[in-house]
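The structure appears right after this line, and notes come after that.
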Amino acid sequence: MFLEKDQGAGDKLNRFAEKTSGDFVYQPARICPQIKWLDPNYIRILEGGLANKEFRVETELLPQSAAVYLYDQDQQIGKVAIERSPPGKGIILWDAIVHPLYRQNGLAAIMTWIIFRRLLNEQTSATFRIRMVRSLKTTDNGVQLQNVGMGVIALRLGFSPELNLKELLRWNNVTEIGIIPENQTMPPGLRISLHTDPLILIAFVLNPDTMKPIRGLRTYIEMKRDLSLLHDWASLGLLVVNGNYILRTPRIDHFVNRIALDETEALNFRNKIKGL
């Protein structure tokens with residue numbers, strides 16, 4: 001469920017801040033629908049819109065790249081592509097594709113979870129990036145949101161923007177803020193014009209309880225009126241922007257809790273991951 005449209009941004013942020021306090025303990029949390037491995041090459045989705053659906057999984061590990069492919073019988077319906085740079089250490093997710101008929105069911109998150117785990121088990125160390133920069137698309141209604149799924153996955157896993165949002169969103173660097181209306185496939189968002197590069201930021205925010213994009217315009221109207229709210233959402237890791245993402249040291253524990261299956265594996269993964 002999405003947040004109710006009449007809830008203010010302040011209440012959402014306060015609840016999320018309370019939930020993120022405290023020292024790390026192993027507390028597993030899922031970023032995708034629950035799955036069951038039927039054998040090394042087949043999974044069954046246990047919940048959500050594709051519950052009880054079975055898919056074939058293929059993974060590919062090469063010295064400078066890696067990928068996971070998802071098949072419904074003989075039809076490839078999904079792919080997540082990884083660049084290994086530098087080889088054996090750097091893990092860069094640069095593309096996630098899901099067939100239109102299967103979208104919004106968590107398949108990109110499932111594939112990301114599978115390939116990140118496979119690489120962590122194979123490597124002795126790892127850094128993580130998500131490359132999302134692409135040219136902005138324009139429509140009759142102006143700039144539209146892109147890479148929504150990859151942005152949601154990035155924040156769920158604890159990645160943060162490479163861009164210095166605090167610096168970019170200074171009051172004297174923002175020239176204009178416009179609201180991008182939602183449509184059937186995309187949530188609402190903001191078009192933020194800047195004096196400095198990248199000149200335009202496209203942003204949307206996640207519900208702190210569900211980590212799904214917030215529907216309804218009230219939150220965006222509040223941010224348009226009060227620039228400090230944009231900083232608040234960004235500081236809590238809930239603002240998705242059109243830029244690259246990295247896993248920094250303070251968020252490694254968050255990431256491990258969403259990748260590891262047990263405490264032993266969590267400790268192993270934590271020893272391998274290097275923050276950027």
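We name chains A, B, ... following the order of the structure tokens; residues begin at 1 in each chain, and ligands are numbered from 1 as shown.
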
Helix (DSSP H, G or I) positions in range 120-264 of chain A, given as number ranges by chain
A: 120-122, 148-156, 165-168, 218-225, 227-235, 249-259, 263-264

The selected residues should be written to file as a CSV table (one decimal), in the first residue's frame (atoms: N, CA and C atoms).
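part_23.csv, written as the output of this step:
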chain,number,residue,atom,x,y,z
A,120,LEU,N,29.3,-11.9,-4.5
A,120,LEU,CA,29.9,-11.8,-3.2
A,120,LEU,C,30.4,-13.2,-2.8
A,121,ASN,N,29.8,-14.2,-3.2
A,121,ASN,CA,30.3,-15.6,-2.9
A,121,ASN,C,31.5,-16.0,-3.7
A,122,GLU,N,31.7,-15.3,-4.8
A,122,GLU,CA,32.8,-15.7,-5.7
A,122,GLU,C,34.0,-14.8,-5.4
A,148,VAL,N,13.1,4.2,-12.8
A,148,VAL,CA,12.4,4.2,-11.5
A,148,VAL,C,12.7,3.0,-10.7
A,149,GLY,N,12.6,1.8,-11.4
A,149,GLY,CA,12.9,0.6,-10.7
A,149,GLY,C,14.3,0.5,-10.1
A,150,MET,N,15.3,0.9,-10.9
A,150,MET,CA,16.7,0.8,-10.5
A,150,MET,C,16.9,1.8,-9.3
A,151,GLY,N,16.3,3.0,-9.4
A,151,GLY,CA,16.4,3.9,-8.3
A,151,GLY,C,15.8,3.4,-7.0
A,152,VAL,N,14.6,2.7,-7.1
A,152,VAL,CA,14.0,2.1,-5.9
A,152,VAL,C,14.9,1.0,-5.3
A,153,ILE,N,15.5,0.2,-6.2
A,153,ILE,CA,16.4,-0.9,-5.7
A,153,ILE,C,17.6,-0.3,-5.0
A,154,ALA,N,18.2,0.8,-5.6
A,154,ALA,CA,19.4,1.4,-5.0
A,154,ALA,C,19.1,1.9,-3.6
A,155,LEU,N,18.0,2.5,-3.4
A,155,LEU,CA,17.7,3.1,-2.0
A,155,LEU,C,17.3,2.0,-1.0
A,156,ARG,N,16.6,1.0,-1.5
A,156,ARG,CA,16.3,-0.2,-0.6
A,156,ARG,C,17.5,-0.9,-0.1
A,165,LEU,N,24.0,16.1,-2.9
A,165,LEU,CA,22.7,16.7,-3.0
A,165,LEU,C,22.6,17.9,-2.1
A,166,LYS,N,23.2,17.8,-0.9
A,166,LYS,CA,23.2,19.0,0.0
A,166,LYS,C,23.7,20.2,-0.7
A,167,GLU,N,24.8,20.1,-1.4
A,167,GLU,CA,25.4,21.2,-2.1
A,167,GLU,C,24.5,21.6,-3.3
A,168,LEU,N,24.0,20.7,-4.1
A,168,LEU,CA,23.3,21.0,-5.2
A,168,LEU,C,21.9,21.7,-4.9
A,218,ARG,N,0.6,15.7,-2.6
A,218,ARG,CA,0.8,16.5,-1.5
A,218,ARG,C,2.2,16.6,-1.0
A,219,THR,N,2.9,15.5,-1.0
A,219,THR,CA,4.3,15.5,-0.6
A,219,THR,C,5.2,16.4,-1.5
A,220,TYR,N,4.9,16.3,-2.8
A,220,TYR,CA,5.7,17.1,-3.8
A,220,TYR,C,5.3,18.6,-3.7
A,221,ILE,N,4.1,18.9,-3.5
A,221,ILE,CA,3.7,20.3,-3.3
A,221,ILE,C,4.4,20.9,-2.1
A,222,GLU,N,4.5,20.1,-1.0
A,222,GLU,CA,5.2,20.5,0.2
A,222,GLU,C,6.7,20.8,-0.1
A,223,MET,N,7.3,19.9,-0.8
A,223,MET,CA,8.7,20.1,-1.2
A,223,MET,C,8.9,21.2,-2.1
A,224,LYS,N,8.0,21.5,-3.0
A,224,LYS,CA,8.1,22.6,-3.9
A,224,LYS,C,8.1,23.9,-3.1
A,225,ARG,N,7.3,23.9,-2.0
A,225,ARG,CA,7.1,25.1,-1.2
A,225,ARG,C,8.3,25.3,-0.2
A,227,LEU,N,12.1,24.1,0.5
A,227,LEU,CA,13.3,23.4,0.0
A,227,LEU,C,14.0,22.5,1.1
A,228,SER,N,13.8,22.9,2.4
A,228,SER,CA,14.4,22.1,3.4
A,228,SER,C,13.9,20.7,3.5
A,229,LEU,N,12.7,20.5,3.1
A,229,LEU,CA,12.1,19.1,3.0
A,229,LEU,C,12.8,18.2,2.0
A,230,LEU,N,13.3,18.8,0.9
A,230,LEU,CA,14.1,18.0,0.0
A,230,LEU,C,15.4,17.5,0.7
A,231,HIS,N,16.0,18.4,1.4
A,231,HIS,CA,17.2,18.0,2.2
A,231,HIS,C,16.9,16.9,3.2
A,232,ASP,N,15.7,17.0,3.8
A,232,ASP,CA,15.4,16.0,4.8
A,232,ASP,C,15.2,14.6,4.2
A,233,TRP,N,14.4,14.6,3.1
A,233,TRP,CA,14.2,13.3,2.4
A,233,TRP,C,15.6,12.7,1.9
A,234,ALA,N,16.4,13.6,1.4
A,234,ALA,CA,17.7,13.1,0.9
A,234,ALA,C,18.6,12.6,2.0
A,235,SER,N,18.6,13.3,3.2
A,235,SER,CA,19.5,12.9,4.3
A,235,SER,C,19.1,11.5,4.8
A,249,THR,N,30.4,3.3,3.2
A,249,THR,CA,30.7,2.5,4.3
A,249,THR,C,29.6,2.6,5.4
A,250,PRO,N,29.0,3.7,5.7
A,250,PRO,CA,28.0,3.7,6.8
A,250,PRO,C,26.8,2.9,6.5
A,251,ARG,N,26.6,2.5,5.2
A,251,ARG,CA,25.4,1.7,4.8
A,251,ARG,C,25.7,0.3,4.5
A,252,ILE,N,26.9,-0.2,4.7
A,252,ILE,CA,27.2,-1.6,4.4
A,252,ILE,C,26.3,-2.5,5.3
A,253,ASP,N,26.1,-2.2,6.5
A,253,ASP,CA,25.3,-3.1,7.4
A,253,ASP,C,23.9,-3.2,6.9
A,254,HIS,N,23.3,-2.1,6.4
A,254,HIS,CA,22.0,-2.0,5.9
A,254,HIS,C,21.9,-3.0,4.6
A,255,PHE,N,22.9,-2.8,3.8
A,255,PHE,CA,23.0,-3.7,2.6
A,255,PHE,C,23.1,-5.1,2.9
A,256,VAL,N,24.0,-5.5,3.8
A,256,VAL,CA,24.2,-6.9,4.2
A,256,VAL,C,22.9,-7.5,4.8
A,257,ASN,N,22.2,-6.8,5.6
A,257,ASN,CA,20.9,-7.3,6.1
A,257,ASN,C,19.9,-7.7,5.0
A,258,ARG,N,20.0,-7.1,3.8
A,258,ARG,CA,19.1,-7.3,2.8
A,258,ARG,C,19.6,-8.3,1.7
A,259,ILE,N,20.9,-8.7,1.9
A,259,ILE,CA,21.5,-9.7,1.0
A,259,ILE,C,21.7,-11.0,1.6
A,263,GLU,N,23.2,-15.2,9.8
A,263,GLU,CA,24.2,-14.4,10.4
A,263,GLU,C,25.7,-14.7,10.0
A,264,THR,N,25.9,-16.0,9.8
A,264,THR,CA,27.3,-16.4,9.3
A,264,THR,C,27.6,-15.8,8.0

Residues near Ser85 in chain A, anyone? I mean within 12 Å using only C-alpha atoms, not counting same-chain ones fewer than 6 positions away, as a PyMOL selection string.
chain A and resi 62-66+91-94+126-129

Restricting the calculation to only C-alpha atoms, which member of A:Gln27, A:Ser160, A:Thr196, A:Ser125 is positioned closest to Asn242 in chain A?
A:Ser160

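Computed from the coordinates, the CA of Phe269 in chain A to CA of Trp37 in chain A distance equals 21.0 Å.
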
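Distances here use only C-alpha atoms; by that measure, the residue among A:Ile110, A:Ala29, A:Ile192, A:Leu38 closest to Met211 in chain A is A:Ala29.
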
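Take CA of Ala203 in chain A and CA of Leu190 in chain A: the distance between them is 5.2 Å.
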
Write out as a ChimeraX atom specification which residues come within 8 Å of range 111-114 of chain A when counting only C-alpha atoms, dropping same-chain ones fewer than 6 positions away.
/A:31,68-70,79-80,259

Could you save the residues just selected, with N, CA and C atoms, as an mmCIF file, in the first residue's frame?
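And here's selection27.cif as it stands now:
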data_model
loop_
_atom_site.group_PDB
_atom_site.id
_atom_site.type_symbol
_atom_site.label_atom_id
_atom_site.label_comp_id
_atom_site.auth_asym_id
_atom_site.auth_seq_id
_atom_site.Cartn_x
_atom_site.Cartn_y
_atom_site.Cartn_z
ATOM 1 N N ILE A 31 14.255 -7.185 -0.013
ATOM 2 C CA ILE A 31 14.064 -6.094 -0.976
ATOM 3 C C ILE A 31 13.182 -6.537 -2.134
ATOM 4 N N VAL A 68 22.491 -11.896 -14.948
ATOM 5 C CA VAL A 68 21.507 -12.910 -14.592
ATOM 6 C C VAL A 68 20.339 -12.751 -15.559
ATOM 7 N N TYR A 69 19.836 -13.883 -16.048
ATOM 8 C CA TYR A 69 18.733 -13.900 -17.010
ATOM 9 C C TYR A 69 17.564 -14.668 -16.405
ATOM 10 N N LEU A 70 16.360 -14.196 -16.695
ATOM 11 C CA LEU A 70 15.150 -14.844 -16.197
ATOM 12 C C LEU A 70 14.298 -15.272 -17.386
ATOM 13 N N LYS A 79 16.578 -9.383 -17.431
ATOM 14 C CA LYS A 79 18.037 -9.433 -17.399
ATOM 15 C C LYS A 79 18.563 -8.315 -16.505
ATOM 16 N N VAL A 80 19.565 -8.622 -15.701
ATOM 17 C CA VAL A 80 20.329 -7.613 -14.971
ATOM 18 C C VAL A 80 21.787 -7.767 -15.380
ATOM 19 N N ILE A 259 20.869 -8.740 1.888
ATOM 20 C CA ILE A 259 21.463 -9.683 0.953
ATOM 21 C C ILE A 259 21.714 -11.043 1.609
#

Determine which residues of range 29-263 of chain A receive a DSSP assignment of strand (DSSP E or B), computed from the backbone, and state them as an MDAnalysis selection string.
chainID A and resid 35:39 42:45 54:62 65:72 75:83 90:98 126:130 138:139 142:143 160:161 174:180 189:194 200:206 213 239:241 245:246

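The two atoms in question, CA of Trp171 in chain A and CA of Gly237 in chain A, are spaced 19.9 Å apart.
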
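For the choices A:Asn172, A:Val240, A:Leu163, A:Val57, the atom-to-atom distance to Pro188 in chain A is smallest for A:Val240 when using only C-alpha atoms.
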
Check the smallest atom-to-atom distance from each of A:Lys53, A:Arg84, A:His195, A:Lys272 to Lys36 in chain A using only C-alpha atoms, then report the winner.
A:Lys53

Find the residues around Gly243 in chain A up to 10 Å (only C-alpha atoms counted), leave out those fewer than 2 positions away in its own chain, and share them as number ranges by chain.
A: 130-134, 147, 151, 160-163, 198, 201-203, 240-241, 245

Within 9 Å of Gln34 in chain A, counting only C-alpha atoms, which residues show up once you throw out same-chain ones fewer than 4 positions away? Write them as a VMD selection string, please.
chain A and resid 30 44 to 48 110
